[in-house]
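Enquirer: Got a structure for you, entry28.cif, holding mmCIF, C-alpha atoms.
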```
data_final
#
loop_
_atom_site.label_atom_id
_atom_site.label_comp_id
_atom_site.auth_asym_id
_atom_site.auth_seq_id
_atom_site.Cartn_x
_atom_site.Cartn_y
_atom_site.Cartn_z
CA MET H 1 79.13 -82.80 -54.14
CA LYS H 2 77.87 -83.79 -50.74
CA PRO H 3 80.52 -83.44 -48.05
CA GLY H 4 81.60 -86.52 -46.09
CA ILE H 5 80.47 -89.23 -48.54
CA HIS H 6 83.45 -89.35 -50.90
CA PRO H 7 86.72 -91.22 -50.26
CA ALA H 8 89.89 -89.24 -49.63
CA TYR H 9 91.63 -88.10 -52.83
CA ARG H 10 95.34 -87.98 -52.11
CA PRO H 11 98.79 -88.57 -53.64
CA VAL H 12 99.57 -92.26 -54.26
CA VAL H 13 102.54 -93.98 -55.93
CA PHE H 14 101.76 -96.70 -58.47
CA ARG H 15 104.69 -99.08 -59.00
CA ASP H 16 105.17 -101.55 -61.87
CA LYS H 17 107.69 -104.03 -60.51
CA ALA H 18 108.12 -105.81 -63.86
CA ALA H 19 109.41 -102.65 -65.54
CA GLU H 20 111.05 -101.06 -62.46
CA PHE H 21 108.83 -98.02 -63.01
CA ALA H 22 106.83 -95.91 -60.56
CA PHE H 23 104.83 -92.72 -60.84
CA LEU H 24 103.18 -90.38 -58.38
CA THR H 25 99.59 -89.36 -59.01
CA ARG H 26 96.43 -88.63 -57.07
CA SER H 27 93.92 -91.38 -56.39
CA THR H 28 91.30 -92.65 -53.96
CA ALA H 29 93.03 -96.06 -53.83
CA THR H 30 94.43 -97.09 -50.46
CA SER H 31 97.32 -99.31 -49.38
CA ASP H 32 99.03 -100.36 -46.17
CA LYS H 33 102.46 -100.22 -47.82
CA ILE H 34 104.35 -96.94 -48.01
CA ILE H 35 107.33 -95.74 -50.03
CA GLU H 36 109.67 -92.79 -49.74
CA TRP H 37 109.42 -90.82 -52.98
CA GLU H 38 112.07 -88.70 -54.70
CA ASP H 39 110.91 -85.56 -52.89
CA GLY H 40 111.62 -87.13 -49.46
CA GLU H 41 107.93 -87.55 -48.56
CA THR H 42 106.31 -90.92 -47.86
CA TYR H 43 103.26 -92.00 -49.84
CA PRO H 44 101.09 -95.12 -50.02
CA VAL H 45 102.31 -97.44 -52.80
CA ILE H 46 100.16 -99.71 -54.95
CA ASP H 47 101.89 -102.45 -56.94
CA VAL H 48 100.45 -103.06 -60.40
CA GLU H 49 101.19 -105.90 -62.81
CA ILE H 50 101.24 -103.80 -65.95
CA SER H 51 101.70 -100.14 -66.81
CA SER H 52 102.55 -98.03 -69.83
CA GLN H 53 106.21 -99.07 -69.40
CA SER H 54 105.48 -102.81 -69.69
CA HIS H 55 102.30 -103.06 -71.80
CA PRO H 56 102.99 -104.36 -75.34
CA PHE H 57 100.78 -101.70 -76.95
CA TYR H 58 102.85 -98.86 -75.49
CA THR H 59 106.27 -100.51 -75.78
CA GLY H 60 105.83 -101.56 -79.42
CA THR H 61 106.53 -105.22 -78.75
CA ALA H 62 103.06 -106.42 -79.72
CA ARG H 63 102.88 -109.46 -81.97
CA VAL H 64 101.69 -108.85 -85.49
CA LEU H 65 99.16 -111.46 -86.53
CA ASP H 66 99.24 -112.97 -89.99
CA THR H 67 95.72 -111.96 -90.97
CA ALA H 68 96.24 -112.61 -94.68
CA GLY H 69 97.21 -116.20 -93.98
CA ARG H 70 94.19 -116.66 -91.77
CA VAL H 71 91.85 -115.32 -94.42
CA GLU H 72 93.34 -117.59 -97.09
CA ARG H 73 93.09 -120.61 -94.81
CA PHE H 74 89.45 -119.76 -94.05
CA GLU H 75 88.63 -119.42 -97.74
CA ARG H 76 90.29 -122.76 -98.54
CA ARG H 77 88.48 -124.51 -95.73
CA TYR H 78 85.04 -123.03 -96.40
CA ALA H 79 85.32 -122.30 -100.12
CA ARG H 80 82.03 -121.76 -101.88
CA ARG H 81 81.10 -124.72 -103.92
CA GLY H 82 79.78 -124.20 -107.45
CA ALA H 83 76.01 -124.08 -108.01
CA GLN H 84 74.61 -127.53 -107.57
#
```
What does this structure look like when you write it as structure tokens?
Expert:
Amino acid sequence: MKPGIHPAYRPVVFRDKAAEFAFLTRSTATSDKIIEWEDGETYPVIDVEISSQSHPFYTGTARVLDTAGRVERFERRYARRGAQ
């Protein structure tokens, strides 16, 4: 890699306010807001709308669609007509 052309890669806290969940990771993302983490250090914080703690796929609260009913309704609506 060429020196001096890449953004700084540093520790950043991502916070999901909907789920009251935050995690510390490394990222090139920047923020003007800071937060004091559990280790006593301060890190930039980035607020996100959804994370693994609030996403329906990860939490198991996803809606199950009635695909059988949809298929039956489609077949009734567009049923093949007999040979004419």
Enquirer: I'd like the interatomic distance between atom CA of Leu24 of chain H and atom CA of Ile46 of chain H, to a tenth of an Å.
Expert: 10.4 Å
Enquirer: Enter the distance from atom CA of Ser27 of chain H to atom CA of Tyr9 of chain H, in Å, rounded to one decimal.
Expert: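 Going from atom CA of Ser27 of chain H over to atom CA of Tyr9 of chain H covers 5.4 Å.
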Enquirer: Running the PyMOL selection byres ((chain H and resi 43) around 12) on this model by hand, what would come out? Give it as a ChimeraX atom specification.
Expert: /H:10-15,22-27,29-42,44-46
Enquirer: Between atom CA of Ala8 of chain H and atom CA of Asp47 of chain H, what distance in Å does the model show, to one decimal?
Expert: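 Result for atom CA of Ala8 of chain H versus atom CA of Asp47 of chain H: 19.3 Å, one decimal.
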Enquirer: Go through H:Arg70, H:Ile5, H:Ala79, H:Gln53 and flag the residue nearest Lys17 of chain H, using all atoms listed in the file for the distances.
Expert: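 Smallest separation from Lys17 of chain H among the options: H:Gln53.
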Enquirer: Determine the axis-aligned bounding box of all atoms of segment 39-42 of chain H present in the file, pad each side by 4 Å, and express its centre and edge lengths in Å to one decimal place as JSON.
Expert:
```
{"center_x": 109.0, "center_y": -88.2, "center_z": -50.4, "size_x": 13.3, "size_y": 13.4, "size_z": 13.0}
```
Enquirer: Could I see segment 10-31 of chain H restored to N, CA and C atoms, set down as a compact mmCIF listing (two decimals), in the coordinates of the input?
Expert:
```txt
# COMPACT_ATOMS: atom_id res chain seq x y z
N ARG H 10 94.03 -88.37 -52.60
CA ARG H 10 95.34 -87.98 -52.11
C ARG H 10 96.44 -88.51 -53.01
N PRO H 11 97.68 -88.05 -52.83
CA PRO H 11 98.79 -88.57 -53.64
C PRO H 11 99.07 -90.04 -53.32
N VAL H 12 99.28 -90.83 -54.37
CA VAL H 12 99.57 -92.26 -54.26
C VAL H 12 100.62 -92.61 -55.31
N VAL H 13 101.54 -93.50 -54.97
CA VAL H 13 102.54 -93.98 -55.93
C VAL H 13 102.07 -95.32 -56.48
N PHE H 14 102.04 -95.43 -57.81
CA PHE H 14 101.76 -96.70 -58.47
C PHE H 14 103.09 -97.23 -58.98
N ARG H 15 103.39 -98.51 -58.66
CA ARG H 15 104.69 -99.08 -59.00
C ARG H 15 104.49 -100.35 -59.84
N ASP H 16 105.15 -100.38 -60.99
CA ASP H 16 105.17 -101.55 -61.87
C ASP H 16 106.49 -102.25 -61.62
N LYS H 17 106.45 -103.34 -60.88
CA LYS H 17 107.69 -104.03 -60.51
C LYS H 17 108.34 -104.71 -61.70
N ALA H 18 107.56 -105.13 -62.69
CA ALA H 18 108.12 -105.81 -63.86
C ALA H 18 109.02 -104.88 -64.66
N ALA H 19 108.65 -103.61 -64.73
CA ALA H 19 109.41 -102.65 -65.54
C ALA H 19 110.28 -101.74 -64.68
N GLU H 20 110.29 -101.95 -63.35
CA GLU H 20 111.05 -101.06 -62.46
C GLU H 20 110.67 -99.60 -62.72
N PHE H 21 109.37 -99.35 -62.69
CA PHE H 21 108.83 -98.02 -63.01
C PHE H 21 107.80 -97.65 -61.97
N ALA H 22 107.82 -96.40 -61.53
CA ALA H 22 106.83 -95.91 -60.56
C ALA H 22 106.48 -94.47 -60.92
N PHE H 23 105.25 -94.10 -60.60
CA PHE H 23 104.83 -92.72 -60.84
C PHE H 23 103.91 -92.27 -59.73
N LEU H 24 103.98 -91.00 -59.43
CA LEU H 24 103.18 -90.38 -58.38
C LEU H 24 101.99 -89.68 -59.03
N THR H 25 100.81 -89.98 -58.52
CA THR H 25 99.59 -89.36 -59.01
C THR H 25 98.62 -89.25 -57.85
N ARG H 26 97.46 -88.71 -58.12
CA ARG H 26 96.43 -88.63 -57.07
C ARG H 26 95.38 -89.69 -57.33
N SER H 27 94.88 -90.30 -56.26
CA SER H 27 93.92 -91.38 -56.39
C SER H 27 93.16 -91.56 -55.08
N THR H 28 92.05 -92.29 -55.16
CA THR H 28 91.30 -92.65 -53.96
C THR H 28 91.70 -94.04 -53.48
N ALA H 29 92.59 -94.73 -54.21
CA ALA H 29 93.03 -96.06 -53.83
C ALA H 29 93.83 -95.99 -52.53
N THR H 30 93.72 -97.06 -51.74
CA THR H 30 94.43 -97.09 -50.46
C THR H 30 95.36 -98.30 -50.42
N SER H 31 96.36 -98.22 -49.55
CA SER H 31 97.32 -99.31 -49.38
C SER H 31 97.95 -99.20 -48.00
```
